[in-house]
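Dropping start.cif in here (mmCIF, C-alpha atoms):
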data_data
loop_
_atom_site.label_atom_id
_atom_site.label_comp_id
_atom_site.auth_asym_id
_atom_site.auth_seq_id
_atom_site.Cartn_x
_atom_site.Cartn_y
_atom_site.Cartn_z
CA PRO A 8 105.71 9.50 -9.74
CA HIS A 9 102.85 10.66 -11.88
CA PRO A 10 103.95 12.23 -15.19
CA SER A 11 102.04 15.41 -14.34
CA GLY A 12 104.37 15.99 -11.41
CA LYS A 13 101.45 16.05 -8.98
CA GLY A 14 102.73 12.98 -7.18
CA GLY A 15 100.71 10.00 -6.12
CA ASN A 16 101.57 6.37 -6.12
CA LEU A 17 99.41 3.44 -5.12
CA ARG A 18 101.39 0.30 -5.95
CA MET A 19 100.90 -3.39 -5.40
CA ASN A 20 104.15 -5.28 -4.89
CA GLY A 21 104.90 -7.69 -2.04
CA LYS A 22 101.93 -9.12 -0.23
CA ASP A 23 99.25 -11.03 -2.08
CA LEU A 24 96.11 -9.08 -2.78
CA LEU A 25 94.02 -11.22 -5.08
CA ILE A 26 90.84 -9.77 -6.50
CA GLY A 27 88.69 -12.78 -7.30
CA LEU A 28 87.18 -12.78 -10.73
CA GLY A 29 85.04 -15.88 -10.82
CA SER A 30 82.78 -17.95 -8.66
CA ILE A 31 82.98 -15.94 -5.44
CA SER A 32 79.48 -15.74 -4.03
CA PRO A 33 78.00 -12.44 -2.80
CA LYS A 34 77.58 -14.07 0.58
CA TYR A 35 81.33 -13.57 1.06
CA TYR A 36 81.01 -9.77 0.87
CA ASP A 37 82.49 -8.58 4.06
CA GLU A 38 86.86 -5.65 2.14
CA ALA A 39 103.63 2.72 -12.51
CA GLU A 40 105.83 3.93 -13.74
CA ASN A 41 105.57 3.04 -17.40
CA ASP A 42 104.26 4.40 -20.66
CA THR A 43 100.76 2.97 -20.24
CA ILE A 44 99.73 5.48 -17.57
CA THR A 45 97.47 8.21 -18.83
CA GLU A 46 95.63 11.06 -17.16
CA VAL A 47 91.89 10.46 -17.18
CA LYS A 48 89.32 13.16 -17.85
CA ARG A 49 86.53 12.76 -15.32
CA HIS A 50 82.81 13.29 -15.76
CA ARG A 51 80.26 13.84 -13.03
CA THR A 52 77.20 11.63 -12.91
CA PHE A 53 74.13 13.86 -12.88
CA ARG A 54 70.37 13.83 -13.24
CA ARG A 55 68.80 14.84 -16.52
CA PRO A 56 65.39 16.55 -16.54
CA LEU A 57 62.53 14.77 -18.21
CA LEU A 58 62.24 15.81 -21.82
CA VAL A 59 59.01 15.79 -23.79
CA ALA A 60 60.52 15.43 -27.23
CA ALA A 61 61.31 11.74 -27.76
CA ILE A 62 64.05 12.39 -30.29
CA ILE A 63 65.86 14.72 -27.88
CA ALA A 64 65.55 12.17 -25.09
CA LEU A 65 66.94 9.46 -27.36
CA THR A 66 69.87 11.65 -28.36
CA LEU A 67 70.74 12.38 -24.75
CA LEU A 68 70.48 8.70 -23.88
CA LEU A 69 72.91 7.77 -26.62
CA VAL A 70 75.37 10.49 -25.67
CA GLY A 71 75.20 9.83 -21.95
CA CYS A 72 74.94 6.05 -21.95
CA ALA A 73 78.37 5.48 -20.37
CA VAL A 74 77.51 7.69 -17.41
CA VAL A 75 74.14 6.03 -16.84
CA TYR A 76 75.77 2.59 -17.09
CA ALA A 77 78.31 3.32 -14.36
CA TYR A 78 75.72 4.94 -12.12
CA SER A 79 73.22 2.14 -12.39
CA TYR A 80 75.64 -0.53 -11.17
CA LEU A 81 76.89 1.42 -8.19
CA THR A 82 73.33 2.20 -7.18
CA LYS A 83 72.41 -1.46 -7.68
CA TYR A 84 75.21 -2.50 -5.36
CA PHE A 85 73.98 -0.36 -2.48
CA ILE A 86 70.39 -1.40 -3.09
CA ALA A 87 71.52 -5.03 -2.75
CA GLN A 88 73.18 -4.26 0.59
CA SER A 89 69.99 -2.91 2.13
CA ASN A 90 67.16 -4.97 3.64
CA THR A 91 64.78 -2.12 2.82
CA PRO A 92 64.48 0.16 -0.22
CA LEU A 93 66.90 3.06 -0.26
CA SER A 94 65.35 6.42 0.48
CA SER A 95 65.12 9.13 -2.15
CA GLU A 96 67.76 11.05 -0.17
CA GLN A 97 70.15 8.08 -0.33
CA LEU A 98 69.62 7.64 -4.07
CA THR A 99 70.20 11.35 -4.62
CA TYR A 100 73.37 11.20 -2.52
CA ILE A 101 74.84 8.40 -4.66
CA GLU A 102 73.85 10.21 -7.83
CA ASP A 103 75.42 13.48 -6.72
CA GLN A 104 78.63 11.94 -5.37
CA GLU A 105 79.39 9.25 -7.94
CA GLN A 106 82.25 10.04 -10.30
CA SER A 107 82.37 8.41 -13.73
CA ILE A 108 85.90 7.46 -14.82
CA GLY A 109 85.79 4.93 -17.68
CA HIS A 110 89.53 4.28 -18.00
CA ALA A 111 90.25 0.83 -19.51
CA VAL A 112 93.46 -1.10 -20.19
CA THR A 113 93.69 -4.31 -22.25
CA ASN A 114 96.46 -6.89 -22.09
CA ASP A 115 96.59 -10.40 -23.51
CA GLY A 116 92.86 -10.38 -24.28
CA TRP A 117 91.76 -9.22 -20.80
CA THR A 118 90.32 -5.74 -20.24
CA VAL A 119 90.11 -4.11 -16.84
CA GLN A 120 88.19 -0.84 -16.58
CA ILE A 121 87.74 1.55 -13.69
CA LYS A 122 84.13 2.51 -14.25
CA SER A 123 83.27 4.85 -11.40
CA ALA A 124 84.03 5.78 -7.81
CA LEU A 125 82.82 7.78 -4.85
CA ASN A 126 84.13 8.65 -1.38
CA ASP A 127 82.92 10.12 1.89
CA GLY A 128 86.27 11.65 2.85
CA ARG A 129 87.28 8.46 4.62
CA THR A 130 86.00 5.45 2.68
CA ALA A 131 86.02 5.03 -1.10
CA TYR A 132 84.18 2.61 -3.38
CA ILE A 133 85.69 1.75 -6.76
CA ILE A 134 83.90 -0.22 -9.51
CA LEU A 135 86.05 -2.43 -11.73
CA GLY A 136 84.66 -3.85 -14.94
CA ILE A 137 86.33 -7.07 -16.12
CA THR A 138 86.11 -8.42 -19.67
CA ALA A 139 87.76 -11.76 -20.37
CA PRO A 140 88.23 -13.53 -23.71
CA ASP A 141 84.95 -14.85 -25.14
CA ILE A 142 85.65 -18.44 -24.11
CA VAL A 143 86.01 -17.56 -20.40
CA ASN A 144 82.91 -17.82 -18.21
CA LEU A 145 83.26 -15.40 -15.30
CA GLU A 146 79.69 -15.99 -14.14
CA SER A 147 80.07 -19.73 -13.58
CA SER A 148 83.68 -20.85 -13.48
CA GLU A 149 83.03 -24.22 -11.81
CA ASN A 150 86.37 -25.29 -10.31
CA LYS A 151 88.38 -22.30 -11.54
CA ASP A 152 88.62 -18.78 -10.12
CA TYR A 153 90.37 -15.85 -11.79
CA PHE A 154 92.42 -13.21 -9.98
CA LEU A 155 94.22 -9.97 -10.65
CA GLY A 156 97.67 -10.35 -9.14
CA GLY A 157 99.43 -7.76 -7.02
CA GLU A 158 99.25 -6.03 -3.68
CA TRP A 159 98.23 -2.70 -2.20
CA ASP A 160 101.14 -0.72 -0.91
CA GLU A 161 100.60 2.95 -0.14
CA LEU A 162 99.53 6.26 -1.56
CA LEU A 163 102.30 8.80 -2.04
CA SER A 164 101.28 12.40 -2.54
CA ASN A 165 103.28 15.57 -1.95
CA ASN A 166 105.95 13.46 -0.23
CA GLN A 167 103.41 12.11 2.26
CA GLN A 168 102.79 8.37 2.42
CA ILE A 169 99.37 7.04 3.35
CA GLU A 170 98.90 3.30 3.79
CA ILE A 171 95.80 1.79 2.21
CA LEU A 172 93.50 -0.78 3.78
CA SER A 173 91.59 -2.42 0.94
CA ARG A 174 88.62 -4.73 1.29
CA HIS A 175 86.71 -6.73 -1.25
CA ALA A 176 83.15 -5.52 -1.22
CA GLY A 177 81.43 -7.81 -3.69
CA TRP A 178 80.51 -8.94 -7.18
CA ILE A 179 77.90 -7.25 -9.34
CA ASN A 180 76.34 -8.94 -12.33
CA ASP A 181 76.59 -6.45 -15.18
CA ASP A 182 73.43 -7.85 -16.82
CA ASP A 183 74.83 -7.52 -20.34
CA GLY A 184 74.06 -11.15 -21.19
CA LYS A 185 77.73 -12.01 -21.74
CA MET A 186 79.37 -14.72 -19.68
CA ASN A 187 82.85 -13.22 -20.04
CA THR A 188 82.12 -9.92 -18.29
CA GLN A 189 81.61 -9.10 -14.64
CA ASP A 190 81.84 -6.07 -12.34
CA TYR A 191 83.55 -5.94 -8.97
CA ILE A 192 83.57 -3.35 -6.19
CA ILE A 193 86.53 -2.61 -3.93
CA ARG A 194 86.13 -0.65 -0.70
CA TRP A 195 89.27 1.03 0.59
CA GLU A 196 90.19 3.21 3.55
CA PRO A 197 93.47 5.07 4.06
CA ILE A 198 95.10 4.08 7.32
CA GLU A 199 95.47 7.21 9.42
CA ALA A 200 98.79 8.93 8.77
CA ALA A 201 100.73 11.73 10.42
CA SER A 202 99.81 13.95 7.52
CA THR A 203 96.55 15.89 7.66
CA GLN A 204 96.34 15.88 3.87
CA ASP A 205 92.98 14.92 2.43
CA PRO A 206 93.60 11.58 0.62
CA TYR A 207 90.70 12.33 -1.73
CA GLY A 208 91.58 15.91 -2.56
CA SER A 209 91.60 16.90 -6.22
CA ASP A 210 95.38 17.45 -6.05
CA VAL A 211 96.00 13.80 -5.07
CA VAL A 212 96.67 11.39 -7.92
CA TRP A 213 95.91 7.73 -7.29
CA ASN A 214 97.98 5.21 -9.24
CA ILE A 215 96.64 1.63 -9.32
CA HIS A 216 98.76 -1.23 -10.56
CA PHE A 217 97.80 -4.84 -11.29
CA GLU A 218 100.07 -7.56 -12.66
CA ASN A 219 98.99 -10.72 -14.49
CA ILE A 220 95.71 -12.61 -14.52
CA ILE A 221 95.97 -15.74 -12.41
CA ALA A 222 93.74 -18.80 -12.45
CA LYS A 223 93.37 -20.71 -9.19
CA ILE A 224 92.28 -24.24 -10.04
CA GLU A 225 90.72 -26.77 -7.67
CA ASP A 226 91.33 -30.47 -8.34
CA THR A 227 87.76 -31.64 -7.72
CA ALA A 228 88.55 -35.29 -8.47
CA TYR A 229 91.28 -35.37 -5.81
CA TYR A 230 88.94 -33.58 -3.39
CA GLN A 231 86.30 -36.31 -3.81
CA GLU A 232 88.99 -38.96 -3.44
CA LEU A 233 89.97 -37.53 -0.05
CA LEU A 234 86.35 -37.24 1.11
CA GLU A 235 85.51 -40.80 0.13
CA GLY A 236 88.78 -42.25 1.42
CA LYS A 237 90.99 -40.77 4.14
CA TYR A 238 88.36 -38.36 5.52
CA LYS A 239 85.23 -40.45 4.97
CA GLY A 240 82.52 -39.70 7.54
CA GLN A 241 84.40 -36.77 9.07
CA SER A 242 82.72 -33.39 9.44
CA ASP A 243 85.63 -31.17 10.54
CA ILE A 244 88.38 -31.75 8.01
CA MET A 245 91.79 -30.14 8.07
CA PHE A 246 93.86 -31.03 5.03
CA THR A 247 97.62 -31.38 5.33
CA SER A 248 99.88 -28.85 3.59
CA GLU A 249 100.76 -31.45 0.96
CA GLU A 250 97.09 -32.19 0.29
CA THR A 251 96.24 -28.50 0.08
CA GLU A 252 99.05 -27.90 -2.39
CA LYS A 253 97.72 -30.69 -4.59
CA LEU A 254 94.12 -29.55 -4.24
CA TYR A 255 94.77 -25.98 -5.37
CA SER A 256 97.14 -24.86 -8.07
CA GLU A 257 97.75 -21.50 -9.69
CA GLU A 258 98.50 -20.68 -13.29
CA ILE A 259 99.21 -17.36 -14.99
CA ILE A 260 96.79 -17.24 -17.90
CA ALA A 261 97.41 -13.65 -19.05
CA ASN A 262 100.65 -11.73 -18.79
CA GLY A 263 100.57 -7.99 -18.52
CA ILE A 264 100.43 -4.85 -16.44
CA TRP A 265 97.23 -2.88 -15.90
CA ASP A 266 98.02 0.67 -14.76
CA PHE A 267 95.52 3.40 -13.97
CA CYS A 268 95.67 6.87 -12.53
CA PHE A 269 92.90 9.25 -11.53
CA SER A 270 91.94 11.90 -9.01
CA PHE A 271 88.71 12.22 -7.11
CA ASP A 272 86.96 15.39 -8.18
CA GLN A 273 85.56 16.06 -4.73
CA SER A 274 85.94 14.96 -1.13
CA SER A 275 83.35 15.03 1.61
CA THR A 276 83.72 15.85 5.29
CA GLY A 277 82.01 14.17 8.22
CA ILE A 278 80.43 15.59 11.36
CA GLU A 279 81.67 15.44 14.95
CA VAL A 280 78.86 13.87 16.96
CA ILE A 281 79.97 14.79 20.50
CA SER A 282 81.13 18.14 21.87
CA SER A 283 82.69 16.71 25.04
CA PRO A 284 83.88 13.25 26.20
CA ILE A 285 81.24 10.65 27.05
CA THR A 286 81.41 7.27 28.82
CA VAL A 287 79.71 4.18 27.41
CA GLU A 288 79.88 0.43 27.98
CA ALA A 289 81.70 -1.58 25.32
CA ASN A 290 83.20 -4.99 24.65
CA VAL A 291 86.90 -4.67 25.55
CA HIS A 292 89.55 -7.17 24.47
CA ARG A 293 92.78 -7.02 26.46
CA TYR A 294 95.83 -9.18 25.93
CA ALA A 295 96.13 -10.17 29.59
CA HIS A 296 94.68 -13.60 30.32
CA ASP A 297 92.84 -12.31 33.42
CA ALA A 298 90.68 -9.85 31.46
CA ARG A 299 89.31 -11.56 28.38
CA ASP A 300 86.46 -10.07 26.38
CA ALA A 301 85.15 -8.08 29.34
CA TYR A 302 82.50 -5.39 29.17
CA GLU A 303 83.86 -2.15 30.55
CA TYR A 304 83.06 1.53 30.55
CA VAL A 305 85.30 3.47 28.17
CA THR A 306 85.55 7.19 27.57
CA ILE A 307 85.03 8.40 24.02
CA SER A 308 86.81 11.65 23.18
CA SER A 309 85.73 11.91 19.53
CA PHE A 310 83.04 10.38 17.30
CA THR A 311 83.27 11.39 13.63
CA LEU A 312 80.41 10.23 11.43
CA ASN A 313 80.84 10.07 7.65
CA SER A 314 78.47 8.91 4.92
CA PHE A 315 79.84 5.35 4.83
CA SER A 316 81.97 5.19 7.95
CA ALA A 317 82.72 6.41 11.46
CA VAL A 318 85.88 6.88 13.52
CA ILE A 319 85.74 6.68 17.32
CA LYS A 320 88.63 7.74 19.57
CA HIS A 321 88.70 6.25 23.10
CA ASP A 322 90.93 5.89 26.17
CA ALA A 323 90.70 2.13 26.81
CA ASN A 324 94.24 1.27 25.65
CA ALA A 325 92.73 -1.98 24.39
CA LEU A 326 90.86 -3.37 21.42
CA VAL A 327 87.30 -2.04 21.77
CA TYR A 328 84.22 -3.30 19.96
CA PHE A 329 81.05 -1.27 20.29
CA ARG A 330 78.45 -4.01 20.68
CA ASN A 331 76.42 -5.29 23.61
CA ARG A 332 75.95 -8.78 25.04
CA ASP A 333 73.14 -9.43 22.56
CA GLY A 334 75.42 -8.60 19.63
CA GLU A 335 73.70 -5.29 18.84
CA GLU A 336 75.99 -2.65 17.35
CA ILE A 337 75.82 1.13 16.91
CA ALA A 338 72.66 2.29 15.12
CA VAL A 339 72.29 5.55 13.21
CA VAL A 340 68.61 6.50 13.47
CA MET A 341 67.30 8.65 10.62
CA ASN A 342 64.55 11.27 10.66
CA ASP A 343 62.13 8.82 9.01
CA GLY A 344 62.71 6.25 11.78
CA SER A 345 64.86 3.88 9.72
CA GLU A 346 68.13 2.63 11.18
CA ILE A 347 71.57 2.06 9.64
CA VAL A 348 74.02 -0.20 11.50
CA LEU A 349 77.67 0.72 11.91
CA TYR A 350 79.78 -2.46 11.70
CA ASP A 351 83.29 -2.94 13.06
CA SER A 352 85.84 -2.39 10.32
CA SER A 353 89.18 -2.19 12.13
CA THR A 354 90.37 -1.36 15.62
CA THR A 355 93.56 -0.33 17.41
CA ARG A 356 94.20 0.34 21.09
CA ASP A 357 92.80 3.88 20.88
CA THR A 358 90.69 3.98 17.70
CA CYS A 359 87.71 2.03 16.37
CA GLU A 360 86.74 2.37 12.72
CA LEU A 361 83.28 1.33 11.55
CA HIS A 362 81.43 1.22 8.25
CA SER A 363 77.87 1.09 7.00
CA SER A 364 76.62 -1.01 4.10
CA VAL A 365 74.47 1.81 2.69
CA PRO A 366 74.89 5.60 2.48
CA ILE A 367 74.17 7.71 5.54
CA VAL A 368 72.77 11.07 4.48
CA LEU A 369 74.20 13.20 7.28
CA SER A 370 71.57 15.92 7.01
CA GLU A 371 68.86 13.30 7.65
CA VAL A 372 70.38 11.81 10.85
CA ASN A 373 68.22 12.19 13.96
CA TYR A 374 70.40 10.56 16.60
CA ILE A 375 72.86 7.72 17.24
CA ARG A 376 72.02 4.87 19.62
CA MET A 377 75.02 3.23 21.24
CA PRO A 378 74.80 -0.50 22.06
CA ASP A 379 74.41 0.21 25.78
CA GLY A 380 71.38 2.43 25.09
CA THR A 381 73.16 5.80 25.27
CA ILE A 382 71.59 8.30 22.85
CA LEU A 383 73.82 10.77 21.03
CA SER A 384 71.82 13.59 19.55
CA ILE A 385 73.34 15.19 16.47
CA SER A 386 72.20 18.58 17.76
CA ASP A 387 74.53 18.12 20.74
#

Full structure transcribed into structure tokens:
Amino acid sequence: PHPSGKGGNLRMNGKDLLIGLGSISPKYYDEAENDTITEVKRHRTFRRPLLVAAIIALTLLLVGCAVVYAYSYLTKYFIAQSNTPLSSEQLTYIEDQEQSIGHAVTNDGWTVQIKSALNDGRTAYIILGITAPDIVNLESSENKDYFLGGEWDELLSNNQQIEILSRHAGWINDDDGKMNTQDYIIRWEPIEAASTQDPYGSDVVWNIHFENIIAKIEDTAYYQELLEGKYKGQSDIMFTSEETEKLYSEEIIANGIWDFCFSFDQSSTGIEVISSPITVEANVHRYAHDARDAYEYVTISSFTLNSFSAVIKHDANALVYFRNRDGEEIAVVMNDGSEIVLYDSSTTRDTCELHSSVPIVLSEVNYIRMPDGTILSISD
């Protein structure tokens, strides 16, 4: 439990969640109970008016540099996800919602810092800043990747447990000119629980726990030996378990525990798009062999749109994917004519969760176009 007595416990201890800290390319973007825990004072990221006096502007820059630093990287991340420039409304949304944290823990020469975070009431983005010893190159690690060891377990608050679905979102170059530093973003979503408690309410304390820095090392010489020998000329190669074990080894290179706790200082709420059930065509996956990947009409009873996500409730009693035969997915059409795609995130037999790669400013949404052409007007 948190020392403040507020509750809250997000632990990692059983499955393997490895947060890569090395040569993972952006193309792979898709997902404590000890004395080191401290309560973190939070600061809101905000806009400063233009100042005429240069000396005053310089003073404010020096005082507020940590806030600007955190904001700039989170904004950069979302800019990188978009094929078109973000709108002024999207940039303002990030600026208004981003929460600067700045809590850092150092063990065995490795520093992990939670720089900033934001949430839309359903999905949260967390920026981690990683600083390794000077001799470690996180920007180009060749045959070695670095990982924070541990696993996500669940959030415990006011005796209510909420499971966490975490996804690696991507690497961000921190542009500080140092090879031993790198930023990383995690996207997480609480799995729906029986409790109606807001997981991002200010009374919820999140505890994050990492254990050990692990190096995963690839034996490149052995890899070439296999390619030029046993598997020469083959295109589809499946290594044996013994070969895989020899190809990749793991080594703990820093021992320690990195514990953090913080609360979100605000939570957002989404909008219900439909006022009554609607029927649309969707891609339905059933387990029976006689009904594979069929397109069927399903009834949607609820469609909640958030700034980074959406939750759709349906009656199909099957795994439903909202895309058409051409692969087109749900599009959120904005007032300026631009479109934001909602991608499948996770699905159960009665719920489909989706996410967007850039912020959706809810007040600027014109309508939603379903893959079968059905138009859902927000005014409905």

**OP:** Output the residue selection produced by the PyMOL selection byres ((chain A and resi 284) around 12) on the file above, formatted as a list in words.
**Re:** Glu279, Val280, Ile281, Ser282, Ser283, Ile285, Thr286, Val287, Val305, Thr306, Ile307, Ser308, Ser309, Phe310, Ile319, Lys320, His321, Asp322, Leu383 and Asp387 of chain A

Original post:
Residues picked by the PyMOL selection byres ((chain A and resi 352) around 10) here, as a PyMOL selection string?
Top reply: chain A and resi 37-38+174+196+316-318+328+349-351+353-354+359-363

**OP:** Select, from A:Trp265, A:Val365, A:Ile375, A:Glu249, the residue with the minimum atom-to-atom distance to Leu93 (chain A), counting all atoms listed in the file.
**Re:**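 With all atoms listed in the file as the atom set, the closest residue is A:Val365.
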
At most 7 Å is the cut-off: for each residue in region 176-237 of chain A with any atom that close to an atom of region 130-141 of chain A, write down the nearest atom pair and the distance in Å rounded to one decimal, counting only C-alpha atoms, chain first then increasing number, as CSV.
residue,atom,partner,partner_atom,distance
A:Asn187,CA,A:Ala139,CA,5.1
A:Thr188,CA,A:Thr138,CA,4.5
A:Gln189,CA,A:Ile137,CA,5.3
A:Asp190,CA,A:Gly136,CA,4.4
A:Tyr191,CA,A:Leu135,CA,5.1
A:Ile192,CA,A:Ile134,CA,4.6
A:Ile193,CA,A:Ile133,CA,5.3
A:Arg194,CA,A:Tyr132,CA,4.6
A:Trp195,CA,A:Ala131,CA,5.4
A:Glu196,CA,A:Thr130,CA,4.8

Export, as an mmCIF file, in the coordinates of the input, the selected residues with C-alpha atoms.
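Written output follows (again-v7.cif):
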data_model
loop_
_atom_site.group_PDB
_atom_site.id
_atom_site.type_symbol
_atom_site.label_atom_id
_atom_site.label_comp_id
_atom_site.auth_asym_id
_atom_site.auth_seq_id
_atom_site.Cartn_x
_atom_site.Cartn_y
_atom_site.Cartn_z
ATOM 1 C CA ASN A 187 82.850 -13.220 -20.040
ATOM 2 C CA THR A 188 82.120 -9.920 -18.290
ATOM 3 C CA GLN A 189 81.610 -9.100 -14.640
ATOM 4 C CA ASP A 190 81.840 -6.070 -12.340
ATOM 5 C CA TYR A 191 83.550 -5.940 -8.970
ATOM 6 C CA ILE A 192 83.570 -3.350 -6.190
ATOM 7 C CA ILE A 193 86.530 -2.610 -3.930
ATOM 8 C CA ARG A 194 86.130 -0.650 -0.700
ATOM 9 C CA TRP A 195 89.270 1.030 0.590
ATOM 10 C CA GLU A 196 90.190 3.210 3.550
#

Original post:
Expanded to explicit residues, what is the PyMOL selection byres ((chain A and resi 329) around 8) for this file, as a list in words?
Top reply: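 Matching residues under the PyMOL selection byres ((chain A and resi 329) around 8) are Glu288, Ala289, Asn290, Val327, Tyr328, Arg330, Asn331, Glu336, Ile337, Asp351, Met377 and Pro378 of chain A.
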
Got time to write the residues from that selection, C-alpha atoms, as a PDB file, in the frame of the given file?
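Dumped to part-v2.pdb:
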ATOM      1  CA  GLU A 288      79.880   0.430  27.980  1.00  0.00           C
ATOM      2  CA  ALA A 289      81.700  -1.580  25.320  1.00  0.00           C
ATOM      3  CA  ASN A 290      83.200  -4.990  24.650  1.00  0.00           C
ATOM      4  CA  VAL A 327      87.300  -2.040  21.770  1.00  0.00           C
ATOM      5  CA  TYR A 328      84.220  -3.300  19.960  1.00  0.00           C
ATOM      6  CA  ARG A 330      78.450  -4.010  20.680  1.00  0.00           C
ATOM      7  CA  ASN A 331      76.420  -5.290  23.610  1.00  0.00           C
ATOM      8  CA  GLU A 336      75.990  -2.650  17.350  1.00  0.00           C
ATOM      9  CA  ILE A 337      75.820   1.130  16.910  1.00  0.00           C
ATOM     10  CA  ASP A 351      83.290  -2.940  13.060  1.00  0.00           C
ATOM     11  CA  MET A 377      75.020   3.230  21.240  1.00  0.00           C
ATOM     12  CA  PRO A 378      74.800  -0.500  22.060  1.00  0.00           C
TER      13      PRO A 378
END

Subject >> For Thr358 (chain A), the nearest of the candidates A:Asp103, A:Gly116, A:Glu96, A:Ala325, counting only C-alpha atoms >> reply: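 Looking at the shortest contact to Thr358 (chain A), the residue is A:Ala325.
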
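Nearest-residue note for Ser123 (chain A): choosing from A:Asp266, A:Glu102, A:Glu303, A:Asp343, the minimum distance belongs to A:Glu102, counting all atoms listed in the file.
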